file structure.tsv (TSV, C-alpha atoms and all ligand atoms)
chain	number	residue	atom	x	y	z
A	1430	MET	CA	-143.04	27.31	95.95
A	1431	ALA	CA	-143.53	26.79	92.22
A	1432	SER	CA	-146.54	27.36	89.99
A	1433	ARG	CA	-147.84	24.23	88.28
A	1434	LEU	CA	-150.23	26.08	85.97
A	1435	PHE	CA	-147.98	25.61	82.95
A	1436	ASP	CA	-146.54	22.25	83.98
A	1437	MET	CA	-147.27	19.55	81.39
A	1438	THR	CA	-145.31	16.79	83.12
A	1439	GLY	CA	-146.99	13.42	82.48
A	1440	LYS	CA	-149.17	14.89	79.73
A	1441	VAL	CA	-149.17	13.90	76.07
A	1442	ALA	CA	-149.62	16.29	73.15
A	1443	VAL	CA	-150.09	15.78	69.42
A	1444	VAL	CA	-149.12	18.69	67.16
A	1445	THR	CA	-150.01	18.47	63.47
A	1446	GLY	CA	-147.67	20.23	61.07
A	1447	SER	CA	-144.87	20.33	63.64
A	1448	SER	CA	-141.89	19.72	61.35
A	1449	ARG	CA	-141.39	23.48	61.00
A	1450	GLY	CA	-142.88	26.91	61.62
A	1451	ILE	CA	-145.50	27.52	64.28
A	1452	GLY	CA	-146.16	23.80	64.91
A	1453	ARG	CA	-142.47	23.12	65.57
A	1454	ALA	CA	-142.27	26.03	68.02
A	1455	ILE	CA	-145.39	24.81	69.84
A	1456	ALA	CA	-144.12	21.22	70.02
A	1457	ILE	CA	-140.76	22.29	71.43
A	1458	GLU	CA	-142.37	24.54	74.06
A	1459	LEU	CA	-144.85	21.84	75.16
A	1460	ALA	CA	-141.94	19.41	75.49
A	1461	ARG	CA	-140.00	21.99	77.54
A	1462	ALA	CA	-143.05	22.22	79.81
A	1463	GLY	CA	-142.75	18.47	80.38
A	1464	ALA	CA	-145.18	16.99	77.86
A	1465	SER	CA	-144.40	13.96	75.72
A	1466	VAL	CA	-144.97	15.25	72.22
A	1467	VAL	CA	-145.96	13.62	68.94
A	1468	ILE	CA	-144.26	15.36	66.02
A	1469	SER	CA	-146.25	15.03	62.83
A	1470	SER	CA	-146.34	16.22	59.22
A	1471	ARG	CA	-146.33	14.63	55.78
A	1472	LYS	CA	-142.55	14.16	55.87
A	1473	ALA	CA	-141.11	11.79	58.49
A	1474	GLU	CA	-137.55	12.95	57.89
A	1475	ALA	CA	-138.36	16.60	58.64
A	1476	CYS	CA	-140.23	15.52	61.79
A	1477	GLU	CA	-137.29	13.40	62.89
A	1478	LYS	CA	-135.09	16.52	63.07
A	1479	VAL	CA	-137.53	18.16	65.50
A	1480	ARG	CA	-137.75	14.97	67.55
A	1481	ALA	CA	-133.95	14.92	67.80
A	1482	GLU	CA	-133.88	18.60	68.86
A	1483	ILE	CA	-136.34	17.84	71.65
A	1484	ALA	CA	-134.41	14.73	72.72
A	1485	ALA	CA	-131.18	16.77	72.76
A	1486	GLU	CA	-132.80	19.11	75.31
A	1487	GLY	CA	-133.84	16.12	77.43
A	1488	GLY	CA	-137.46	16.05	76.28
A	1489	THR	CA	-139.60	13.18	75.02
A	1490	ALA	CA	-141.00	13.05	71.50
A	1491	ILE	CA	-141.93	10.52	68.84
A	1492	VAL	CA	-142.67	10.92	65.15
A	1493	VAL	CA	-145.94	9.84	63.57
A	1494	PRO	CA	-146.27	11.05	59.96
A	1495	CYS	CA	-149.75	12.21	59.01
A	1496	ASN	CA	-151.15	13.96	55.99
A	1497	ILE	CA	-154.18	15.66	57.52
A	1498	SER	CA	-156.09	15.31	54.25
A	1499	SER	CA	-156.21	11.52	54.79
A	1500	ARG	CA	-158.72	10.28	57.35
A	1501	ASP	CA	-156.74	7.05	57.68
A	1502	ASP	CA	-153.61	9.03	58.52
A	1503	CYS	CA	-155.51	11.05	61.13
A	1504	GLU	CA	-156.85	7.86	62.65
A	1505	SER	CA	-153.38	6.32	62.75
A	1506	LEU	CA	-151.97	9.51	64.35
A	1507	VAL	CA	-154.38	9.32	67.28
A	1508	ARG	CA	-154.16	5.52	67.56
A	1509	SER	CA	-150.34	5.52	67.52
A	1510	THR	CA	-150.23	8.26	70.14
A	1511	VAL	CA	-152.44	6.39	72.58
A	1512	ALA	CA	-150.57	3.14	71.83
A	1513	ALA	CA	-147.21	4.80	72.57
A	1514	PHE	CA	-148.13	6.81	75.66
A	1515	GLY	CA	-151.45	5.41	76.88
A	1516	ARG	CA	-153.19	8.79	76.86
A	1517	LEU	CA	-153.79	12.06	75.02
A	1518	ASP	CA	-154.07	15.39	76.84
A	1519	ALA	CA	-153.67	18.02	74.14
A	1520	LEU	CA	-154.57	17.94	70.46
A	1521	ILE	CA	-153.01	20.87	68.60
A	1522	CYS	CA	-154.57	21.17	65.13
A	1523	ASN	CA	-151.96	23.36	63.49
A	1524	ALA	CA	-151.41	22.13	59.92
A	1525	ALA	CA	-153.32	23.97	57.21
A	1526	VAL	CA	-153.05	24.73	53.50
A	1527	ASN	CA	-153.65	27.65	51.17
A	1528	PRO	CA	-153.32	26.71	47.52
A	1529	TYR	CA	-155.03	29.89	46.22
A	1530	PHE	CA	-154.16	33.58	46.39
A	1531	GLY	CA	-156.74	35.83	44.75
A	1532	PRO	CA	-160.33	37.08	44.91
A	1533	ILE	CA	-163.10	34.66	45.86
A	1534	ALA	CA	-164.93	35.44	42.62
A	1535	ASP	CA	-162.26	33.52	40.73
A	1536	VAL	CA	-161.41	30.72	43.16
A	1537	PRO	CA	-161.31	27.34	41.36
A	1538	GLU	CA	-163.77	24.93	42.95
A	1539	ALA	CA	-161.02	22.35	43.53
A	1540	ALA	CA	-158.91	24.89	45.44
A	1541	PHE	CA	-161.88	25.96	47.59
A	1542	ASP	CA	-162.72	22.33	48.35
A	1543	LYS	CA	-159.12	21.59	49.29
A	1544	ILE	CA	-158.92	24.60	51.62
A	1545	MET	CA	-162.15	23.69	53.39
A	1546	ALA	CA	-161.26	19.97	53.54
A	1547	SER	CA	-157.77	20.42	54.97
A	1548	ASN	CA	-158.40	23.41	57.21
A	1549	VAL	CA	-161.83	22.53	58.57
A	1550	LYS	CA	-162.92	18.95	57.88
A	1551	SER	CA	-159.55	17.43	58.83
A	1552	ASN	CA	-159.61	19.33	62.12
A	1553	LEU	CA	-163.09	17.97	62.78
A	1554	TRP	CA	-161.84	14.43	62.03
A	1555	LEU	CA	-158.91	14.84	64.40
A	1556	CYS	CA	-161.19	16.18	67.13
A	1557	GLN	CA	-163.73	13.38	66.64
A	1558	LEU	CA	-161.00	10.73	66.66
A	1559	SER	CA	-159.43	12.20	69.82
A	1560	ARG	CA	-162.65	12.73	71.73
A	1561	GLN	CA	-162.59	9.57	73.81
A	1562	ALA	CA	-158.95	9.94	74.86
A	1563	LEU	CA	-159.43	13.64	75.61
A	1564	ALA	CA	-162.56	12.93	77.66
A	1565	GLU	CA	-160.58	10.41	79.71
A	1566	SER	CA	-157.77	12.91	80.37
A	1567	LYS	CA	-160.03	16.03	80.63
A	1568	GLY	CA	-157.83	17.36	77.89
A	1569	ALA	CA	-157.72	20.30	75.53
A	1570	ILE	CA	-157.99	21.00	71.83
A	1571	VAL	CA	-156.16	23.98	70.35
A	1572	ILE	CA	-156.86	24.92	66.74
A	1573	VAL	CA	-154.42	27.28	65.04
A	1574	SER	CA	-156.71	29.63	63.12
A	1575	SER	CA	-155.66	33.10	61.90
A	1576	ILE	CA	-156.57	36.77	62.29
A	1577	GLY	CA	-157.68	36.28	58.68
A	1578	GLY	CA	-160.74	34.56	60.15
A	1579	LEU	CA	-161.74	37.79	61.89
A	1580	ARG	CA	-161.92	40.12	58.92
A	1581	GLY	CA	-162.37	40.34	55.18
A	1582	SER	CA	-159.42	39.99	52.83
A	1583	ALA	CA	-159.02	41.00	49.19
A	1584	MET	CA	-156.70	38.14	48.23
A	1585	LEU	CA	-156.97	35.48	50.96
A	1586	GLY	CA	-160.75	35.23	51.22
A	1587	ALA	CA	-161.15	31.47	50.73
A	1588	TYR	CA	-158.45	30.72	53.31
A	1589	CYS	CA	-160.02	33.26	55.69
A	1590	ILE	CA	-163.43	31.56	55.39
A	1591	SER	CA	-161.80	28.30	56.50
A	1592	LYS	CA	-160.11	30.04	59.43
A	1593	ALA	CA	-163.42	31.63	60.51
A	1594	ALA	CA	-164.97	28.16	60.34
A	1595	ASP	CA	-162.23	26.88	62.67
A	1596	MET	CA	-163.27	29.52	65.21
A	1597	GLN	CA	-166.86	28.29	65.04
A	1598	LEU	CA	-165.67	24.68	65.26
A	1599	ALA	CA	-163.93	25.59	68.53
A	1600	ARG	CA	-167.01	27.37	69.88
A	1601	ASN	CA	-169.25	24.48	68.94
A	1602	LEU	CA	-167.06	21.74	70.36
A	1603	ALA	CA	-166.74	23.83	73.53
A	1604	VAL	CA	-170.53	23.69	73.83
A	1605	GLU	CA	-170.93	20.06	72.76
A	1606	TRP	CA	-167.98	18.54	74.66
A	1607	GLY	CA	-167.54	20.94	77.57
A	1608	GLY	CA	-169.58	18.52	79.68
A	1609	ASP	CA	-166.98	15.81	78.98
A	1610	GLY	CA	-164.33	18.07	80.47
A	1611	ILE	CA	-162.79	18.83	77.06
A	1612	ARG	CA	-161.88	22.44	76.34
A	1613	THR	CA	-161.58	23.70	72.76
A	1614	ASN	CA	-160.01	27.01	71.78
A	1615	CYS	CA	-158.38	28.73	68.84
A	1616	ILE	CA	-155.27	30.81	68.46
A	1617	ALA	CA	-155.42	33.52	65.79
A	1618	PRO	CA	-151.86	34.46	64.85
A	1619	GLY	CA	-151.03	37.59	62.91
A	1620	LEU	CA	-148.31	37.56	60.25
A	1621	ILE	CA	-145.60	35.12	61.35
A	1622	ARG	CA	-142.23	34.60	59.68
A	1623	THR	CA	-142.67	31.03	58.34
A	1624	ASP	CA	-142.55	29.38	54.92
A	1625	PHE	CA	-146.36	29.49	54.81
A	1626	ALA	CA	-146.45	33.30	54.75
A	1627	ARG	CA	-143.15	33.89	52.94
A	1628	ALA	CA	-144.87	35.55	49.96
A	1629	LEU	CA	-146.35	38.10	52.38
A	1630	TRP	CA	-143.41	38.96	54.61
A	1631	GLU	CA	-140.92	38.87	51.74
A	1632	ASN	CA	-142.97	41.44	49.84
A	1633	PRO	CA	-141.51	44.84	50.89
A	1634	ASP	CA	-144.84	46.64	50.36
A	1635	ILE	CA	-146.74	44.21	52.59
A	1636	GLU	CA	-143.94	44.21	55.17
A	1637	ARG	CA	-144.00	48.03	55.30
A	1638	GLU	CA	-147.80	47.95	55.65
A	1639	VAL	CA	-147.55	45.45	58.52
A	1640	LEU	CA	-144.88	47.39	60.34
A	1641	ARG	CA	-146.93	50.59	59.99
A	1642	ASN	CA	-150.10	48.96	61.36
A	1643	CYS	CA	-148.69	46.65	64.00
A	1644	PRO	CA	-148.22	48.26	67.44
A	1645	ALA	CA	-145.48	45.72	68.18
A	1646	ALA	CA	-143.69	47.11	65.08
A	1647	ARG	CA	-142.39	43.75	63.94
A	1648	ILE	CA	-143.46	40.59	62.15
A	1649	GLY	CA	-144.12	37.70	64.52
A	1650	GLU	CA	-141.80	34.74	64.98
A	1651	PRO	CA	-143.08	31.14	65.42
A	1652	GLU	CA	-141.96	31.19	69.07
A	1653	ASP	CA	-144.36	34.12	69.70
A	1654	ILE	CA	-147.28	31.70	69.29
A	1655	ALA	CA	-145.94	28.89	71.49
A	1656	GLY	CA	-146.82	30.50	74.83
A	1657	ALA	CA	-150.45	30.92	73.82
A	1658	ALA	CA	-150.65	27.24	72.87
A	1659	LEU	CA	-149.08	26.22	76.18
A	1660	PHE	CA	-151.55	28.40	78.09
A	1661	LEU	CA	-154.55	26.88	76.31
A	1662	ALA	CA	-153.24	23.30	76.58
A	1663	ALA	CA	-152.14	23.48	80.21
A	1664	ASP	CA	-154.00	23.84	83.49
A	1665	ALA	CA	-153.47	27.61	83.19
A	1666	GLY	CA	-156.27	27.62	80.61
A	1667	ARG	CA	-158.62	25.36	82.57
A	1668	TYR	CA	-161.55	27.83	82.55
A	1669	THR	CA	-160.97	29.13	79.01
A	1670	ASN	CA	-163.29	27.46	76.53
A	1671	GLY	CA	-164.58	28.23	73.03
A	1672	GLN	CA	-162.37	31.31	72.74
A	1673	VAL	CA	-160.16	32.84	70.09
A	1674	LEU	CA	-156.87	34.09	71.46
A	1675	VAL	CA	-155.46	36.70	69.08
A	1676	VAL	CA	-151.66	36.80	69.03
A	1677	ASP	CA	-150.73	39.43	66.47
A	1678	GLY	CA	-148.66	42.14	68.17
A	1679	GLY	CA	-151.81	44.27	68.30
A	1680	MET	CA	-152.35	44.42	64.54
A	1681	THR	CA	-156.08	43.64	64.67
A	1682	ILE	CA	-156.93	46.22	67.32
A	1683	SER	CA	-154.87	48.89	65.58
A	1684	GLY	CA	-157.40	48.90	62.73
A	1685	GLY	CA	-154.61	48.44	60.16
B	1	LIG	N1	-147.38	32.12	59.12
B	1	LIG	C1	-148.38	32.95	59.29
B	1	LIG	O1	-148.28	34.17	59.05
B	1	LIG	C2	-149.69	32.44	59.85
B	1	LIG	C3	-150.64	33.39	60.27
B	1	LIG	C4	-151.84	32.95	60.77
B	1	LIG	C5	-152.11	31.61	60.88
B	1	LIG	N2	-151.17	30.69	60.45
B	1	LIG	C6	-151.51	29.28	60.60
B	1	LIG	O2	-150.48	28.64	61.32
B	1	LIG	C7	-150.48	27.25	61.00
B	1	LIG	C8	-149.07	26.79	60.74
B	1	LIG	O3	-148.55	27.53	59.66
B	1	LIG	P1	-147.01	27.91	59.55
B	1	LIG	O4	-146.98	29.36	59.20
B	1	LIG	O5	-146.25	27.43	60.71
B	1	LIG	O6	-146.63	27.08	58.23
B	1	LIG	P2	-145.30	26.33	57.77
B	1	LIG	O7	-144.09	26.92	58.40
B	1	LIG	O8	-145.38	26.29	56.29
B	1	LIG	O9	-145.49	24.86	58.37
B	1	LIG	C9	-146.57	24.09	57.96
B	1	LIG	C10	-146.48	22.74	58.63
B	1	LIG	O10	-147.61	21.96	58.26
B	1	LIG	C11	-147.16	20.77	57.61
B	1	LIG	N3	-148.15	20.42	56.59
B	1	LIG	C12	-148.45	21.06	55.45
B	1	LIG	N4	-149.44	20.43	54.80
B	1	LIG	C13	-149.78	19.36	55.56
B	1	LIG	C14	-150.70	18.31	55.43
B	1	LIG	N5	-151.52	18.21	54.38
B	1	LIG	N6	-150.76	17.38	56.40
B	1	LIG	C15	-149.95	17.44	57.47
B	1	LIG	N7	-149.04	18.41	57.65
B	1	LIG	C16	-148.94	19.36	56.70
B	1	LIG	C17	-145.76	21.09	57.08
B	1	LIG	O11	-144.92	19.95	56.99
B	1	LIG	P3	-144.82	18.98	55.71
B	1	LIG	O12	-144.56	19.86	54.53
B	1	LIG	O13	-143.67	18.07	56.06
B	1	LIG	O14	-146.11	18.24	55.65
B	1	LIG	C18	-145.26	21.97	58.23
B	1	LIG	O15	-144.83	21.18	59.31
B	1	LIG	C19	-151.46	27.10	59.84
B	1	LIG	O16	-152.69	26.66	60.34
B	1	LIG	C20	-151.60	28.50	59.30
B	1	LIG	O17	-152.83	28.70	58.66
B	1	LIG	C21	-149.98	31.08	59.94

call {"tool": "encode", "arguments": {"input": "structure.tsv", "output": "structure tokens"}}
result
Amino acid sequence: MASRLFDMTGKVAVVTGSSRGIGRAIAIELARAGASVVISSRKAEACEKVRAEIAAEGGTAIVVPCNISSRDDCESLVRSTVAAFGRLDALICNAAVNPYFGPIADVPEAAFDKIMASNVKSNLWLCQLSRQALAESKGAIVIVSSIGGLRGSAMLGAYCISKAADMQLARNLAVEWGGDGIRTNCIAPGLIRTDFARALWENPDIEREVLRNCPAARIGEPEDIAGAALFLAADAGRYTNGQVLVVDGGMTISGG
């Protein structure tokens, strides 16, 4: 007797920003669960390495480059996926940007616009473009948000506003598209050891602060997020909708 709750055999998943970091870890885990996976980022060559890793383990993956800030690219990502596999079961909106570190009072307008466009509007595009295919498959959307979207931040405020908006996007699509059989949820990772957060985890003061306030007493690794994505994408998450799953080693509840 074997559980099929986490079995993605026959399912198709798109993961934006999956050439490295959290997206790569999610893509590999979904492929291990049996899904055919579309590896995507701005750089085809970097994606190709992940595709080859998955193929080497016996999984199925293709590469479709996509800069999420281009609507045409987003359209081509969804179109190419359905053309290649005939369906789409899981859209993982993982790619995001943060071109500004500092107080909101001083954020340049162009930086704020870029953060909101890439982290919120592009996710909305991808969801809109995937809606029909996801309705046909009774599929799932997973948006990678951040614990930054749950609290104020002295230096990451603009980014945190975009991540809070992602949480509301998930809640709203859950309400609007739940009747189509589409589930939409967010993951809110804590500090994860990737290039994106290098400036944070390489700073000894911030690292010490994190280790002091995180009950798990360590910085997260990209693989720590993959299980949550699999849960939300797979049948295991079939009654979970519009939620934010915090995966931060307990940092948020510790009050640190
Ligand atoms: N690391 C953390 O501590 C942390 C914490 C909370 C939330 N998050 C969230 O986790 C997600 C993934 O971040 P990460 O830490 O894994 O970052 P990462 O290691 O820097 O990886 C980012 C990925 O996104 C791709 N990417 C960047 N800009 C893109 C664009 N405009 N269009 C398409 N792809 C793009 C990158 O590939 P290319 O350069 O080839 O495009 C790469 O594959 C983000 O949503 C981030 O906000 C991260």

call {"tool": "closest_residue", "arguments": {"input": "structure.tsv", "among": "A:Ala1546, A:Ala1655, A:Ala1569, A:Val1443", "to": "Arg1667 (chain A)", "atoms": "only C-alpha atoms"}}
result
A:Ala1569

call {"tool": "atom_distance", "arguments": {"input": "structure.tsv", "atom1": "CA of Gln1672 (chain A)", "atom2": "CA of Cys1615 (chain A)"}}
result
6.1 Å

call {"tool": "residues_near_ligand", "arguments": {"input": "structure.tsv", "ligand": "ligand LIG 1 (chain B)", "cutoff": "7 Å", "atoms": "only C-alpha atoms and all ligand atoms", "output": "PyMOL selection string"}}
result
chain A and resi 1445-1453+1469-1472+1475+1495-1498+1523-1526+1547+1573-1576+1617-1626+1651

call {"tool": "atom_distance", "arguments": {"input": "structure.tsv", "atom1": "CA of Ile1572 (chain A)", "atom2": "CA of Asn1552 (chain A)"}}
result
7.8 Å

call {"tool": "residues_around", "arguments": {"input": "structure.tsv", "residues": "Ala1513 (chain A)", "least_positions_apart": "3", "cutoff": "12 Å", "atoms": "only C-alpha atoms", "output": "mmCIF file with C-alpha atoms, keeping the file's coordinate frame"}}
result
data_model
loop_
_atom_site.group_PDB
_atom_site.id
_atom_site.type_symbol
_atom_site.label_atom_id
_atom_site.label_comp_id
_atom_site.auth_asym_id
_atom_site.auth_seq_id
_atom_site.Cartn_x
_atom_site.Cartn_y
_atom_site.Cartn_z
ATOM 1 C CA VAL A 1441 -149.170 13.900 76.070
ATOM 2 C CA ALA A 1442 -149.620 16.290 73.150
ATOM 3 C CA VAL A 1443 -150.090 15.780 69.420
ATOM 4 C CA SER A 1465 -144.400 13.960 75.720
ATOM 5 C CA VAL A 1466 -144.970 15.250 72.220
ATOM 6 C CA VAL A 1467 -145.960 13.620 68.940
ATOM 7 C CA THR A 1489 -139.600 13.180 75.020
ATOM 8 C CA ALA A 1490 -141.000 13.050 71.500
ATOM 9 C CA ILE A 1491 -141.930 10.520 68.840
ATOM 10 C CA VAL A 1492 -142.670 10.920 65.150
ATOM 11 C CA VAL A 1493 -145.940 9.840 63.570
ATOM 12 C CA SER A 1505 -153.380 6.320 62.750
ATOM 13 C CA LEU A 1506 -151.970 9.510 64.350
ATOM 14 C CA VAL A 1507 -154.380 9.320 67.280
ATOM 15 C CA ARG A 1508 -154.160 5.520 67.560
ATOM 16 C CA SER A 1509 -150.340 5.520 67.520
ATOM 17 C CA THR A 1510 -150.230 8.260 70.140
ATOM 18 C CA ARG A 1516 -153.190 8.790 76.860
ATOM 19 C CA LEU A 1517 -153.790 12.060 75.020
#

call {"tool": "atom_distance", "arguments": {"input": "structure.tsv", "atom1": "CA of Leu1640 (chain A)", "atom2": "CA of Thr1681 (chain A)"}}
result
12.6 Å

call {"tool": "closest_residue", "arguments": {"input": "structure.tsv", "among": "A:Gly1463, A:Ser1582, A:Glu1538, A:Arg1480", "to": "Asp1436 (chain A)", "atoms": "only C-alpha atoms"}}
result
A:Gly1463

call {"tool": "residues_near_point", "arguments": {"input": "structure.tsv", "point": "(-169.8, 25.8, 69.8)", "cutoff": "12 Å", "atoms": "all atoms listed in the file", "output": "list in words"}}
result
Ala1594, Asp1595, Met1596, Gln1597, Leu1598, Ala1599, Arg1600, Asn1601, Leu1602, Ala1603, Val1604, Glu1605, Trp1606, Gly1607, Arg1612, Thr1613, Asn1614, Cys1615, Asn1670, Gly1671, Gln1672 and Val1673 of chain A

call {"tool": "closest_residue", "arguments": {"input": "structure.tsv", "among": "A:Gly1656, A:Gly1684, A:Ala1431, A:Ala1512", "to": "Leu1579 (chain A)", "atoms": "only C-alpha atoms"}}
result
A:Gly1684

call {"tool": "closest_residue", "arguments": {"input": "structure.tsv", "among": "A:Ile1654, A:Ile1468, A:Ala1460, A:Val1676", "to": "Gly1577 (chain A)", "atoms": "all atoms listed in the file"}}
result
A:Val1676

call {"tool": "closest_residue", "arguments": {"input": "structure.tsv", "among": "A:Leu1629, A:Leu1555, A:Asp1634, A:Asp1677", "to": "Arg1647 (chain A)", "atoms": "only C-alpha atoms"}}
result
A:Asp1677

call {"tool": "residues_near_point", "arguments": {"input": "structure.tsv", "point": "(-162.1, 28.0, 48.3)", "cutoff": "9 Å", "atoms": "only C-alpha atoms", "output": "number ranges by chain"}}
result
A: 1527-1529, 1533, 1536-1545, 1586-1588, 1590-1591

call {"tool": "write_last_selection", "arguments": {"input": "structure.tsv", "atoms": "C-alpha atoms", "output": "JSON list (two decimals), in the frame of the given file"}}
result
[["chain", "number", "residue", "atom", "x", "y", "z"],
["A", 1527, "ASN", "CA", -153.65, 27.65, 51.17],
["A", 1528, "PRO", "CA", -153.32, 26.71, 47.52],
["A", 1529, "TYR", "CA", -155.03, 29.89, 46.22],
["A", 1533, "ILE", "CA", -163.10, 34.66, 45.86],
["A", 1536, "VAL", "CA", -161.41, 30.72, 43.16],
["A", 1537, "PRO", "CA", -161.31, 27.34, 41.36],
["A", 1538, "GLU", "CA", -163.77, 24.93, 42.95],
["A", 1539, "ALA", "CA", -161.02, 22.35, 43.53],
["A", 1540, "ALA", "CA", -158.91, 24.89, 45.44],
["A", 1541, "PHE", "CA", -161.88, 25.96, 47.59],
["A", 1542, "ASP", "CA", -162.72, 22.33, 48.35],
["A", 1543, "LYS", "CA", -159.12, 21.59, 49.29],
["A", 1544, "ILE", "CA", -158.92, 24.60, 51.62],
["A", 1545, "MET", "CA", -162.15, 23.69, 53.39],
["A", 1586, "GLY", "CA", -160.75, 35.23, 51.22],
["A", 1587, "ALA", "CA", -161.15, 31.47, 50.73],
["A", 1588, "TYR", "CA", -158.45, 30.72, 53.31],
["A", 1590, "ILE", "CA", -163.43, 31.56, 55.39],
["A", 1591, "SER", "CA", -161.80, 28.30, 56.50]]

call {"tool": "closest_residue", "arguments": {"input": "structure.tsv", "among": "A:Gly1581, A:Gly1666, A:Gly1515, A:Pro1644", "to": "Leu1563 (chain A)", "atoms": "only C-alpha atoms"}}
result
A:Gly1515

call {"tool": "residues_around", "arguments": {"input": "structure.tsv", "residues": "Met1584 (chain A)", "least_positions_apart": "6", "cutoff": "8 Å", "atoms": "all atoms listed in the file", "output": "JSON, numbers by chain"}}
result
{"A": [1530, 1531, 1532, 1533]}

call {"tool": "decode", "arguments": {"input": "structure.tsv", "residues": "region 1467-1481 of chain A", "atoms": "N, CA and C atoms", "output": "PDB file, in the first residue's frame"}}
result
ATOM      1  N   VAL A1467       8.975  22.220 -16.281  1.00  0.00           N
ATOM      2  CA  VAL A1467       9.523  23.232 -17.182  1.00  0.00           C
ATOM      3  C   VAL A1467      10.458  24.127 -16.378  1.00  0.00           C
ATOM      4  N   ILE A1468      11.744  24.079 -16.740  1.00  0.00           N
ATOM      5  CA  ILE A1468      12.766  24.876 -16.073  1.00  0.00           C
ATOM      6  C   ILE A1468      12.858  26.213 -16.797  1.00  0.00           C
ATOM      7  N   SER A1469      12.827  27.298 -16.040  1.00  0.00           N
ATOM      8  CA  SER A1469      12.733  28.602 -16.668  1.00  0.00           C
ATOM      9  C   SER A1469      13.469  29.678 -15.871  1.00  0.00           C
ATOM     10  N   SER A1470      14.198  30.521 -16.599  1.00  0.00           N
ATOM     11  CA  SER A1470      14.757  31.750 -16.029  1.00  0.00           C
ATOM     12  C   SER A1470      15.163  32.604 -17.218  1.00  0.00           C
ATOM     13  N   ARG A1471      15.906  33.684 -16.961  1.00  0.00           N
ATOM     14  CA  ARG A1471      16.315  34.514 -18.105  1.00  0.00           C
ATOM     15  C   ARG A1471      17.404  33.834 -18.925  1.00  0.00           C
ATOM     16  N   LYS A1472      18.152  32.915 -18.285  1.00  0.00           N
ATOM     17  CA  LYS A1472      19.338  32.350 -18.941  1.00  0.00           C
ATOM     18  C   LYS A1472      19.163  30.874 -19.275  1.00  0.00           C
ATOM     19  N   ALA A1473      19.020  30.598 -20.580  1.00  0.00           N
ATOM     20  CA  ALA A1473      18.763  29.222 -21.029  1.00  0.00           C
ATOM     21  C   ALA A1473      19.874  28.260 -20.606  1.00  0.00           C
ATOM     22  N   GLU A1474      21.102  28.744 -20.662  1.00  0.00           N
ATOM     23  CA  GLU A1474      22.241  27.868 -20.344  1.00  0.00           C
ATOM     24  C   GLU A1474      22.193  27.375 -18.892  1.00  0.00           C
ATOM     25  N   ALA A1475      21.865  28.300 -17.987  1.00  0.00           N
ATOM     26  CA  ALA A1475      21.780  27.934 -16.563  1.00  0.00           C
ATOM     27  C   ALA A1475      20.621  26.950 -16.342  1.00  0.00           C
ATOM     28  N   CYS A1476      19.538  27.144 -17.075  1.00  0.00           N
ATOM     29  CA  CYS A1476      18.379  26.239 -16.964  1.00  0.00           C
ATOM     30  C   CYS A1476      18.738  24.852 -17.490  1.00  0.00           C
ATOM     31  N   GLU A1477      19.524  24.839 -18.546  1.00  0.00           N
ATOM     32  CA  GLU A1477      19.894  23.577 -19.188  1.00  0.00           C
ATOM     33  C   GLU A1477      20.613  22.654 -18.189  1.00  0.00           C
ATOM     34  N   LYS A1478      21.435  23.245 -17.318  1.00  0.00           N
ATOM     35  CA  LYS A1478      22.151  22.443 -16.312  1.00  0.00           C
ATOM     36  C   LYS A1478      21.161  21.736 -15.377  1.00  0.00           C
ATOM     37  N   VAL A1479      20.115  22.448 -14.989  1.00  0.00           N
ATOM     38  CA  VAL A1479      19.109  21.852 -14.092  1.00  0.00           C
ATOM     39  C   VAL A1479      18.336  20.765 -14.839  1.00  0.00           C
ATOM     40  N   ARG A1480      18.016  21.054 -16.093  1.00  0.00           N
ATOM     41  CA  ARG A1480      17.323  20.035 -16.903  1.00  0.00           C
ATOM     42  C   ARG A1480      18.150  18.756 -16.971  1.00  0.00           C
ATOM     43  N   ALA A1481      19.460  18.928 -17.198  1.00  0.00           N
ATOM     44  CA  ALA A1481      20.343  17.760 -17.306  1.00  0.00           C
ATOM     45  C   ALA A1481      20.422  17.002 -15.975  1.00  0.00           C
TER      46      ALA A1481
END
